[in-house]
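A.B. asks: So I've got this file, work23.pdb, and it contains PDB, C-alpha atoms, pLDDT in the B column:
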```pdb
ATOM      1  CA  MET A 189      45.346 183.252 180.386  1.00 48.00           C
ATOM      2  CA  PRO A 190      44.082 186.853 180.612  1.00 52.00           C
ATOM      3  CA  LYS A 191      40.572 187.602 179.410  1.00 53.00           C
ATOM      4  CA  ARG A 192      40.203 189.469 176.120  1.00 52.00           C
ATOM      5  CA  SER A 193      38.482 192.272 178.008  1.00 54.00           C
ATOM      6  CA  ASP A 194      41.642 192.668 180.052  1.00 57.00           C
ATOM      7  CA  THR A 195      43.783 193.178 176.905  1.00 58.00           C
ATOM      8  CA  PRO A 196      44.275 196.877 175.969  1.00 58.00           C
ATOM      9  CA  LEU A 197      42.508 197.904 172.755  1.00 52.00           C
ATOM     10  CA  GLU A 198      45.731 198.867 171.025  1.00 58.00           C
ATOM     11  CA  GLU A 199      47.144 195.379 171.639  1.00 59.00           C
ATOM     12  CA  ARG A 200      44.162 193.382 170.399  1.00 59.00           C
ATOM     13  CA  ASP A 201      44.490 191.521 167.062  1.00 62.00           C
ATOM     14  CA  TYR A 202      41.631 192.230 164.633  1.00 61.00           C
ATOM     15  CA  GLY A 203      43.377 190.839 161.553  1.00 68.00           C
ATOM     16  CA  LEU A 204      41.132 187.787 161.246  1.00 70.00           C
ATOM     17  CA  ILE A 205      37.969 189.881 161.617  1.00 72.00           C
ATOM     18  CA  TYR A 206      39.171 192.365 158.973  1.00 74.00           C
ATOM     19  CA  PHE A 207      40.028 189.516 156.622  1.00 75.00           C
ATOM     20  CA  ILE A 208      36.594 187.918 157.026  1.00 81.00           C
ATOM     21  CA  LEU A 209      34.763 191.226 156.551  1.00 78.00           C
ATOM     22  CA  SER A 210      36.872 192.135 153.493  1.00 83.00           C
ATOM     23  CA  SER A 211      36.207 188.737 151.956  1.00 82.00           C
ATOM     24  CA  LEU A 212      32.477 189.077 152.568  1.00 80.00           C
ATOM     25  CA  LEU A 213      32.495 192.552 151.009  1.00 84.00           C
ATOM     26  CA  ALA A 214      34.373 191.318 147.910  1.00 85.00           C
ATOM     27  CA  ILE A 215      32.028 188.345 147.514  1.00 82.00           C
ATOM     28  CA  SER A 216      28.907 190.468 147.950  1.00 79.00           C
ATOM     29  CA  THR A 217      30.188 193.061 145.462  1.00 82.00           C
ATOM     30  CA  PHE A 218      30.998 190.386 142.891  1.00 73.00           C
ATOM     31  CA  TRP A 219      27.625 188.761 143.446  1.00 72.00           C
ATOM     32  CA  ALA A 220      25.804 192.093 143.110  1.00 71.00           C
ATOM     33  CA  ILE A 221      27.501 192.776 139.774  1.00 69.00           C
ATOM     34  CA  TRP A 222      26.883 189.237 138.549  1.00 63.00           C
ATOM     35  CA  ASP A 223      23.269 189.384 139.645  1.00 63.00           C
ATOM     36  CA  MET A 224      22.776 192.763 137.987  1.00 61.00           C
ATOM     37  CA  ILE A 225      24.224 191.675 134.645  1.00 57.00           C
ATOM     38  CA  HIS A 226      23.051 188.072 134.418  1.00 58.00           C
ATOM     39  CA  GLU A 227      19.862 188.026 136.457  1.00 56.00           C
ATOM     40  CA  ARG A 228      18.285 191.438 136.930  1.00 55.00           C
ATOM     41  CA  SER A 229      19.580 193.169 133.787  1.00 59.00           C
ATOM     42  CA  PRO A 230      20.284 190.529 131.151  1.00 65.00           C
ATOM     43  CA  TRP A 231      19.979 193.264 128.499  1.00 64.00           C
ATOM     44  CA  GLN A 232      23.453 194.438 129.516  1.00 69.00           C
ATOM     45  CA  ARG A 233      24.875 191.025 128.691  1.00 71.00           C
ATOM     46  CA  TYR A 234      22.918 190.938 125.435  1.00 74.00           C
ATOM     47  CA  GLN A 235      24.222 194.347 124.460  1.00 82.00           C
ATOM     48  CA  MET A 236      27.790 193.346 125.279  1.00 82.00           C
ATOM     49  CA  GLU A 237      27.381 190.221 123.156  1.00 83.00           C
ATOM     50  CA  LEU A 238      25.937 192.258 120.292  1.00 87.00           C
ATOM     51  CA  ASN A 239      28.842 194.703 120.518  1.00 87.00           C
ATOM     52  CA  ALA A 240      31.320 191.822 120.473  1.00 89.00           C
ATOM     53  CA  LEU A 241      29.538 190.306 117.482  1.00 91.00           C
ATOM     54  CA  GLU A 242      29.555 193.629 115.650  1.00 92.00           C
ATOM     55  CA  GLU A 243      33.247 194.175 116.413  1.00 92.00           C
ATOM     56  CA  SER A 244      34.051 190.672 115.142  1.00 93.00           C
ATOM     57  CA  LYS A 245      32.180 191.410 111.910  1.00 95.00           C
ATOM     58  CA  VAL A 246      34.029 194.704 111.403  1.00 94.00           C
ATOM     59  CA  ARG A 247      37.372 193.014 112.103  1.00 95.00           C
ATOM     60  CA  ILE A 248      36.631 190.521 109.341  1.00 95.00           C
ATOM     61  CA  GLU A 249      35.888 193.448 107.008  1.00 95.00           C
ATOM     62  CA  LEU A 250      39.114 195.106 108.173  1.00 94.00           C
ATOM     63  CA  GLY A 251      41.132 192.005 107.368  1.00 95.00           C
ATOM     64  CA  ALA A 252      39.589 191.868 103.903  1.00 96.00           C
ATOM     65  CA  ALA A 253      40.285 195.571 103.345  1.00 95.00           C
ATOM     66  CA  GLU A 254      43.924 195.178 104.412  1.00 95.00           C
ATOM     67  CA  ALA A 255      44.348 192.169 102.124  1.00 96.00           C
ATOM     68  CA  ASP A 256      42.783 194.076  99.229  1.00 95.00           C
ATOM     69  CA  PHE A 257      45.089 197.009  99.955  1.00 94.00           C
ATOM     70  CA  GLU A 258      48.176 194.787  99.879  1.00 94.00           C
ATOM     71  CA  VAL A 259      47.180 193.374  96.496  1.00 94.00           C
ATOM     72  CA  LYS A 260      45.932 196.514  94.745  1.00 93.00           C
ATOM     73  CA  GLN A 261      47.338 199.591  96.487  1.00 94.00           C
ATOM     74  CA  ALA A 262      50.463 198.711  98.483  1.00 95.00           C
ATOM     75  CA  ALA A 263      52.930 199.281  95.637  1.00 95.00           C
ATOM     76  CA  LEU A 264      51.406 202.654  94.748  1.00 95.00           C
ATOM     77  CA  TYR A 265      51.318 203.652  98.419  1.00 95.00           C
ATOM     78  CA  GLU A 266      55.000 202.793  98.850  1.00 96.00           C
ATOM     79  CA  SER A 267      55.799 204.856  95.744  1.00 96.00           C
ATOM     80  CA  PHE A 268      53.929 207.843  97.177  1.00 95.00           C
ATOM     81  CA  GLU A 269      55.676 207.307 100.498  1.00 94.00           C
ATOM     82  CA  GLN A 270      59.108 207.473  98.854  1.00 95.00           C
ATOM     83  CA  GLN A 271      58.149 210.585  96.878  1.00 94.00           C
ATOM     84  CA  LEU A 272      56.868 212.183 100.074  1.00 93.00           C
ATOM     85  CA  LYS A 273      60.171 211.598 101.851  1.00 92.00           C
ATOM     86  CA  GLU A 274      62.031 213.258  98.975  1.00 90.00           C
ATOM     87  CA  ALA A 275      59.608 216.196  98.925  1.00 90.00           C
ATOM     88  CA  GLN A 276      59.971 216.666 102.685  1.00 89.00           C
ATOM     89  CA  VAL A 277      63.756 216.720 102.288  1.00 89.00           C
ATOM     90  CA  ASN A 278      63.345 219.507  99.732  1.00 85.00           C
ATOM     91  CA  LEU A 279      61.417 221.518 102.315  1.00 86.00           C
ATOM     92  CA  GLN A 280      64.551 221.470 104.424  1.00 86.00           C
ATOM     93  CA  GLY A 281      66.573 222.900 101.535  1.00 86.00           C
ATOM     94  CA  GLU A 282      67.981 226.391 101.176  1.00 88.00           C
ATOM     95  CA  ALA A 283      65.304 227.632  98.762  1.00 87.00           C
ATOM     96  CA  TYR A 284      62.411 226.810 101.071  1.00 88.00           C
ATOM     97  CA  GLN A 285      64.205 228.141 104.127  1.00 90.00           C
ATOM     98  CA  GLN A 286      64.829 231.395 102.247  1.00 92.00           C
ATOM     99  CA  VAL A 287      61.114 231.769 101.534  1.00 92.00           C
ATOM    100  CA  GLN A 288      60.343 231.110 105.191  1.00 91.00           C
ATOM    101  CA  ALA A 289      62.779 233.878 106.152  1.00 94.00           C
ATOM    102  CA  GLU A 290      61.074 236.221 103.673  1.00 94.00           C
ATOM    103  CA  LEU A 291      57.719 235.437 105.272  1.00 94.00           C
ATOM    104  CA  LYS A 292      59.055 236.341 108.702  1.00 95.00           C
ATOM    105  CA  ASP A 293      60.441 239.622 107.321  1.00 95.00           C
ATOM    106  CA  ALA A 294      57.085 240.388 105.685  1.00 95.00           C
ATOM    107  CA  GLN A 295      55.256 239.741 108.957  1.00 96.00           C
ATOM    108  CA  ASN A 296      57.623 242.083 110.804  1.00 96.00           C
ATOM    109  CA  GLU A 297      57.149 244.704 108.096  1.00 96.00           C
ATOM    110  CA  ILE A 298      53.377 244.469 108.491  1.00 96.00           C
ATOM    111  CA  ALA A 299      53.653 244.850 112.264  1.00 96.00           C
ATOM    112  CA  ASP A 300      55.781 248.002 111.880  1.00 96.00           C
ATOM    113  CA  ALA A 301      53.536 249.468 109.165  1.00 96.00           C
ATOM    114  CA  MET A 302      50.413 248.778 111.205  1.00 96.00           C
ATOM    115  CA  GLN A 303      51.913 250.412 114.295  1.00 96.00           C
ATOM    116  CA  ASN A 304      53.051 253.504 112.366  1.00 96.00           C
ATOM    117  CA  TYR A 305      49.638 253.861 110.738  1.00 96.00           C
ATOM    118  CA  ARG A 306      47.758 253.566 114.012  1.00 96.00           C
ATOM    119  CA  PHE A 307      49.976 256.088 115.767  1.00 96.00           C
ATOM    120  CA  ALA A 308      49.536 258.586 112.927  1.00 95.00           C
ATOM    121  CA  LYS A 309      45.790 257.925 112.763  1.00 95.00           C
ATOM    122  CA  SER A 310      45.469 258.490 116.498  1.00 95.00           C
ATOM    123  CA  GLU A 311      47.315 261.810 116.188  1.00 94.00           C
ATOM    124  CA  TYR A 312      45.163 262.774 113.203  1.00 94.00           C
ATOM    125  CA  ASP A 313      41.970 261.995 115.130  1.00 95.00           C
ATOM    126  CA  ALA A 314      43.097 264.207 118.020  1.00 94.00           C
ATOM    127  CA  VAL A 315      43.891 267.167 115.725  1.00 94.00           C
ATOM    128  CA  TRP A 316      40.673 266.603 113.768  1.00 94.00           C
ATOM    129  CA  TYR A 317      38.711 266.795 117.033  1.00 94.00           C
ATOM    130  CA  ASP A 318      40.415 270.111 117.911  1.00 92.00           C
ATOM    131  CA  TYR A 319      39.670 271.418 114.428  1.00 91.00           C
ATOM    132  CA  LYS A 320      35.985 270.478 114.559  1.00 92.00           C
ATOM    133  CA  HIS A 321      35.662 271.830 118.086  1.00 91.00           C
ATOM    134  CA  ALA A 322      37.092 275.182 116.979  1.00 90.00           C
ATOM    135  CA  GLU A 323      34.669 275.281 114.048  1.00 88.00           C
ATOM    136  CA  HIS A 324      31.736 274.435 116.298  1.00 88.00           C
ATOM    137  CA  GLU A 325      32.667 277.162 118.759  1.00 87.00           C
ATOM    138  CA  GLY A 326      33.049 279.692 115.953  1.00 88.00           C
ATOM    139  CA  HIS A 327      36.798 280.092 116.458  1.00 89.00           C
ATOM    140  CA  ASP A 328      37.562 280.500 112.771  1.00 87.00           C
ATOM    141  CA  ASP A 329      41.089 281.815 113.263  1.00 89.00           C
ATOM    142  CA  GLU A 330      42.004 278.874 115.477  1.00 90.00           C
ATOM    143  CA  ALA A 331      40.486 276.466 112.956  1.00 89.00           C
ATOM    144  CA  LYS A 332      42.531 278.025 110.147  1.00 91.00           C
ATOM    145  CA  GLN A 333      45.695 277.614 112.199  1.00 93.00           C
ATOM    146  CA  ILE A 334      44.940 273.952 112.856  1.00 92.00           C
ATOM    147  CA  ARG A 335      43.973 273.123 109.262  1.00 93.00           C
ATOM    148  CA  PRO A 336      47.505 272.881 107.751  1.00 93.00           C
ATOM    149  CA  ALA A 337      48.611 270.418 110.439  1.00 92.00           C
ATOM    150  CA  LEU A 338      45.418 268.427 109.892  1.00 91.00           C
ATOM    151  CA  ASP A 339      45.989 268.237 106.125  1.00 94.00           C
ATOM    152  CA  LYS A 340      49.594 267.177 106.627  1.00 94.00           C
ATOM    153  CA  LEU A 341      48.571 264.408 109.017  1.00 94.00           C
ATOM    154  CA  ASP A 342      45.864 263.312 106.592  1.00 94.00           C
ATOM    155  CA  GLN A 343      48.462 262.857 103.853  1.00 96.00           C
ATOM    156  CA  GLU A 344      50.778 261.037 106.248  1.00 96.00           C
ATOM    157  CA  VAL A 345      47.999 258.649 107.288  1.00 95.00           C
ATOM    158  CA  ALA A 346      47.154 257.945 103.631  1.00 96.00           C
ATOM    159  CA  THR A 347      50.816 257.231 102.835  1.00 96.00           C
ATOM    160  CA  LEU A 348      51.200 254.923 105.832  1.00 96.00           C
ATOM    161  CA  LYS A 349      48.050 253.048 104.817  1.00 96.00           C
ATOM    162  CA  ILE A 350      49.592 252.478 101.381  1.00 96.00           C
ATOM    163  CA  ASP A 351      52.744 251.157 103.065  1.00 96.00           C
ATOM    164  CA  TRP A 352      50.627 248.817 105.184  1.00 95.00           C
ATOM    165  CA  ASP A 353      48.721 247.532 102.146  1.00 96.00           C
ATOM    166  CA  ARG A 354      51.991 247.022 100.274  1.00 96.00           C
ATOM    167  CA  ALA A 355      53.371 244.973 103.176  1.00 95.00           C
ATOM    168  CA  GLU A 356      50.212 242.843 103.207  1.00 96.00           C
ATOM    169  CA  GLY A 357      50.578 242.255  99.469  1.00 96.00           C
ATOM    170  CA  LYS A 358      54.193 241.209  99.916  1.00 95.00           C
ATOM    171  CA  LYS A 359      53.176 238.736 102.607  1.00 95.00           C
ATOM    172  CA  SER A 360      50.483 237.244 100.345  1.00 95.00           C
ATOM    173  CA  GLU A 361      52.993 236.824  97.512  1.00 95.00           C
ATOM    174  CA  VAL A 362      55.449 235.032  99.812  1.00 94.00           C
ATOM    175  CA  GLU A 363      52.683 232.790 101.180  1.00 94.00           C
ATOM    176  CA  ASN A 364      51.753 231.822  97.615  1.00 94.00           C
ATOM    177  CA  ARG A 365      55.335 230.765  96.971  1.00 91.00           C
ATOM    178  CA  ILE A 366      55.318 228.713 100.177  1.00 90.00           C
ATOM    179  CA  THR A 367      52.104 227.044  99.024  1.00 90.00           C
ATOM    180  CA  ARG A 368      53.762 226.117  95.730  1.00 88.00           C
ATOM    181  CA  HIS A 369      56.746 224.695  97.613  1.00 86.00           C
ATOM    182  CA  ARG A 370      54.424 222.606  99.794  1.00 89.00           C
ATOM    183  CA  ALA A 371      52.080 221.578  96.975  1.00 91.00           C
ATOM    184  CA  THR A 372      53.863 218.283  96.304  1.00 90.00           C
ATOM    185  CA  VAL A 373      53.928 217.308  99.976  1.00 92.00           C
ATOM    186  CA  ASP A 374      50.270 218.190 100.532  1.00 92.00           C
ATOM    187  CA  SER A 375      49.175 216.413  97.347  1.00 94.00           C
ATOM    188  CA  LEU A 376      51.051 213.216  98.201  1.00 95.00           C
ATOM    189  CA  GLN A 377      49.709 213.181 101.756  1.00 94.00           C
ATOM    190  CA  THR A 378      46.163 213.576 100.431  1.00 95.00           C
ATOM    191  CA  GLU A 379      46.568 210.724  97.947  1.00 95.00           C
ATOM    192  CA  MET A 380      48.046 208.445 100.608  1.00 96.00           C
ATOM    193  CA  GLU A 381      45.153 209.181 102.957  1.00 96.00           C
ATOM    194  CA  LYS A 382      42.689 208.318 100.178  1.00 96.00           C
ATOM    195  CA  LEU A 383      44.352 204.947  99.610  1.00 96.00           C
ATOM    196  CA  ARG A 384      44.166 204.091 103.311  1.00 95.00           C
ATOM    197  CA  ALA A 385      40.709 205.622 103.877  1.00 96.00           C
ATOM    198  CA  PRO A 386      38.705 202.326 103.899  1.00 95.00           C
ATOM    199  CA  ILE A 387      41.086 200.822 106.471  1.00 95.00           C
ATOM    200  CA  ALA A 388      41.107 203.984 108.585  1.00 96.00           C
ATOM    201  CA  ASP A 389      37.298 204.100 108.565  1.00 96.00           C
ATOM    202  CA  LEU A 390      37.028 200.493 109.757  1.00 95.00           C
ATOM    203  CA  ASN A 391      39.560 201.111 112.546  1.00 96.00           C
ATOM    204  CA  ASP A 392      37.523 204.137 113.626  1.00 96.00           C
ATOM    205  CA  THR A 393      34.393 201.976 113.674  1.00 95.00           C
ATOM    206  CA  ILE A 394      36.103 199.426 115.937  1.00 94.00           C
ATOM    207  CA  ASP A 395      37.202 202.202 118.303  1.00 94.00           C
ATOM    208  CA  ARG A 396      33.639 203.533 118.480  1.00 94.00           C
ATOM    209  CA  ILE A 397      32.286 200.065 119.282  1.00 91.00           C
ATOM    210  CA  LYS A 398      34.839 199.663 122.093  1.00 90.00           C
ATOM    211  CA  ASP A 399      33.933 203.074 123.518  1.00 88.00           C
ATOM    212  CA  ARG A 400      30.193 202.441 123.274  1.00 83.00           C
ATOM    213  CA  LYS A 401      28.447 202.599 126.646  1.00 79.00           C
ATOM    214  CA  ILE A 402      26.009 199.931 127.750  1.00 67.00           C
ATOM    215  CA  GLN A 403      22.693 201.742 128.056  1.00 64.00           C
ATOM    216  CA  ILE A 404      18.950 201.419 127.623  1.00 56.00           C
ATOM    217  CA  ASP A 405      17.248 203.361 124.845  1.00 58.00           C
ATOM    218  CA  GLN A 406      13.669 204.166 125.755  1.00 54.00           C
ATOM    219  CA  TYR A 407      11.019 204.636 123.103  1.00 51.00           C
ATOM    220  CA  VAL A 408       7.459 205.892 123.442  1.00 56.00           C
ATOM    221  CA  LEU A 409       5.074 204.082 121.143  1.00 58.00           C
ATOM    222  CA  ALA A 410       2.131 205.978 119.743  1.00 61.00           C
ATOM    223  CA  ASP A 411      -1.317 204.721 120.724  1.00 56.00           C
TER     224      ASP A 411
END
```
Since I need it in another form, could you write the structure as structure tokens?

C.D. replies:
Amino acid sequence: MPKRSDTPLEERDYGLIYFILSSLLAISTFWAIWDMIHERSPWQRYQMELNALEESKVRIELGAAEADFEVKQAALYESFEQQLKEAQVNLQGEAYQQVQAELKDAQNEIADAMQNYRFAKSEYDAVWYDYKHAEHEGHDDEAKQIRPALDKLDQEVATLKIDWDRAEGKKSEVENRITRHRATVDSLQTEMEKLRAPIADLNDTIDRIKDRKIQIDQYVLAD
């Protein structure tokens, strides 16, 4: 039988050694965690137990809240739910879709009015600069020649600003109509959320307990 030293490295079998070392590593890791939690840092275990106790208490409150809801609020909630479905169907109707189309048109009108105003204002500012420069340099004749164009642009800018404001007003009026269309849906959703609020709050509390990190809070006591 050949000696192990005579066997090429690539042909040697280290499976058993790897298995033993891996097992030792797993055992030592498990023991380190167990020792940390149960022996060296028992506060971690205490905190976990307190969290579990608190979660159990909140779950009891949640069960009571759900039972109370079924007795006192379930019928009203189902009524709101049915009304909400009908209201949402209405939002898919022709009248609401027409208002949505009007809103899009108003937004496009504002974009065009804003662009026209800014172009005209930019042109006015350039001519105004030339006019003031001519005045400053004492070129009265040149200033007089520029003045009519400046006045015309001033009137154009004022008119375009009115058009822009009118487009903004139209958009606001359409948005108000959309709000009225959505009023029933929004109101029902709000009322349904109110009915389920105690249950939702308790579920949020349970989630926060589950996400709570195990940590030490240090306090400095006054002398």

A.B. asks: Identify which of the residues A:Glu290, A:Glu249, A:Glu258, A:Asp313 lies closest to Ile366 (chain A), counting only C-alpha atoms when measuring atom-to-atom distances.

C.D. replies: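 Result for the nearest residue to Ile366 (chain A): A:Glu290.
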
A.B. asks: Check what the PyMOL selection byres ((chain A and resi 377-393) around 7) selects in the file above and give those residues as a PyMOL selection string.

C.D. replies: chain A and resi 246+250+253-254+261+265+268+373-376+394-397

A.B. asks: For region 353-363 of chain A, I'd like the enclosing box, axis-aligned and padded by 8 Å on every side, reported as lines of an AutoDock Vina configuration file with centre and edge lengths in Å to one decimal.

C.D. replies:
```
center_x = 52.1
center_y = 240.2
center_z = 100.4
size_x = 22.7
size_y = 30.7
size_z = 21.7
```

A.B. asks: Interatomic distance between CA of Ala275 (chain A) and CA of Phe257 (chain A)?

C.D. replies: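 Calculated distance between CA of Ala275 (chain A) and CA of Phe257 (chain A) is 24.1 Å.
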
A.B. asks: Which residues would end up in the selection if the PyMOL selection byres ((chain A and resi 294) around 12) were applied here, given that I need the answer as an mmCIF file with C-alpha atoms, keeping the file's coordinate frame?

C.D. replies:
```
data_model
loop_
_atom_site.group_PDB
_atom_site.id
_atom_site.type_symbol
_atom_site.label_atom_id
_atom_site.label_comp_id
_atom_site.auth_asym_id
_atom_site.auth_seq_id
_atom_site.Cartn_x
_atom_site.Cartn_y
_atom_site.Cartn_z
ATOM 1 C CA VAL A 287 61.114 231.769 101.534
ATOM 2 C CA GLN A 288 60.343 231.110 105.191
ATOM 3 C CA ALA A 289 62.779 233.878 106.152
ATOM 4 C CA GLU A 290 61.074 236.221 103.673
ATOM 5 C CA LEU A 291 57.719 235.437 105.272
ATOM 6 C CA LYS A 292 59.055 236.341 108.702
ATOM 7 C CA ASP A 293 60.441 239.622 107.321
ATOM 8 C CA GLN A 295 55.256 239.741 108.957
ATOM 9 C CA ASN A 296 57.623 242.083 110.804
ATOM 10 C CA GLU A 297 57.149 244.704 108.096
ATOM 11 C CA ILE A 298 53.377 244.469 108.491
ATOM 12 C CA ALA A 299 53.653 244.850 112.264
ATOM 13 C CA ASP A 300 55.781 248.002 111.880
ATOM 14 C CA ALA A 301 53.536 249.468 109.165
ATOM 15 C CA ASP A 351 52.744 251.157 103.065
ATOM 16 C CA TRP A 352 50.627 248.817 105.184
ATOM 17 C CA ASP A 353 48.721 247.532 102.146
ATOM 18 C CA ARG A 354 51.991 247.022 100.274
ATOM 19 C CA ALA A 355 53.371 244.973 103.176
ATOM 20 C CA GLU A 356 50.212 242.843 103.207
ATOM 21 C CA GLY A 357 50.578 242.255 99.469
ATOM 22 C CA LYS A 358 54.193 241.209 99.916
ATOM 23 C CA LYS A 359 53.176 238.736 102.607
ATOM 24 C CA SER A 360 50.483 237.244 100.345
ATOM 25 C CA GLU A 361 52.993 236.824 97.512
ATOM 26 C CA VAL A 362 55.449 235.032 99.812
ATOM 27 C CA GLU A 363 52.683 232.790 101.180
#
```

A.B. asks: For a quick check of understanding, using only C-alpha atoms, which of A:Ala255, A:Tyr234, A:Val345, A:Asp318 has the smallest distance to Gln333 (chain A)?

C.D. replies: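 Among the listed residues, A:Asp318 lies closest to Gln333 (chain A).
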
A.B. asks: Of the candidates A:Tyr319, A:Phe218, A:Tyr312, A:Tyr305, which one gets nearest to Thr347 (chain A) if we count all atoms listed in the file?

C.D. replies: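 Under the stated criterion, the closest residue is A:Tyr305.
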
A.B. asks: For Leu341 (chain A), which residue out of A:Lys320, A:Arg400, A:Arg306, A:Arg370 is the nearest one, using only C-alpha atoms?

C.D. replies: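 Checking each candidate against Leu341 (chain A), we get A:Arg306 as the closest.
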
A.B. asks: Go ahead and compute the interatomic distance for CA of Lys401 (chain A) and CA of Leu241 (chain A), in Å to one decimal.

C.D. replies: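 We find that CA of Lys401 (chain A) and CA of Leu241 (chain A) lie 15.4 Å from each other.
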
A.B. asks: Using all atoms listed in the file, pick whichever of A:Phe307, A:Tyr206, A:Tyr317, A:Tyr284 has the shortest atom-to-atom distance to Thr367 (chain A).

C.D. replies: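 Among A:Phe307, A:Tyr206, A:Tyr317, A:Tyr284, it is A:Tyr284 that comes nearest to Thr367 (chain A).
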
A.B. asks: Calculate how many Å separate CA of Asn364 (chain A) from CA of Asn304 (chain A), rounding to one decimal.

C.D. replies: 26.3 Å

A.B. asks: Of the residues A:Val315, A:Leu264, A:Met236, A:Ala220, which is the one nearest to Arg335 (chain A), using only C-alpha atoms?

C.D. replies: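 Looking only at the distances to Arg335 (chain A), the closest residue turns out to be A:Val315.
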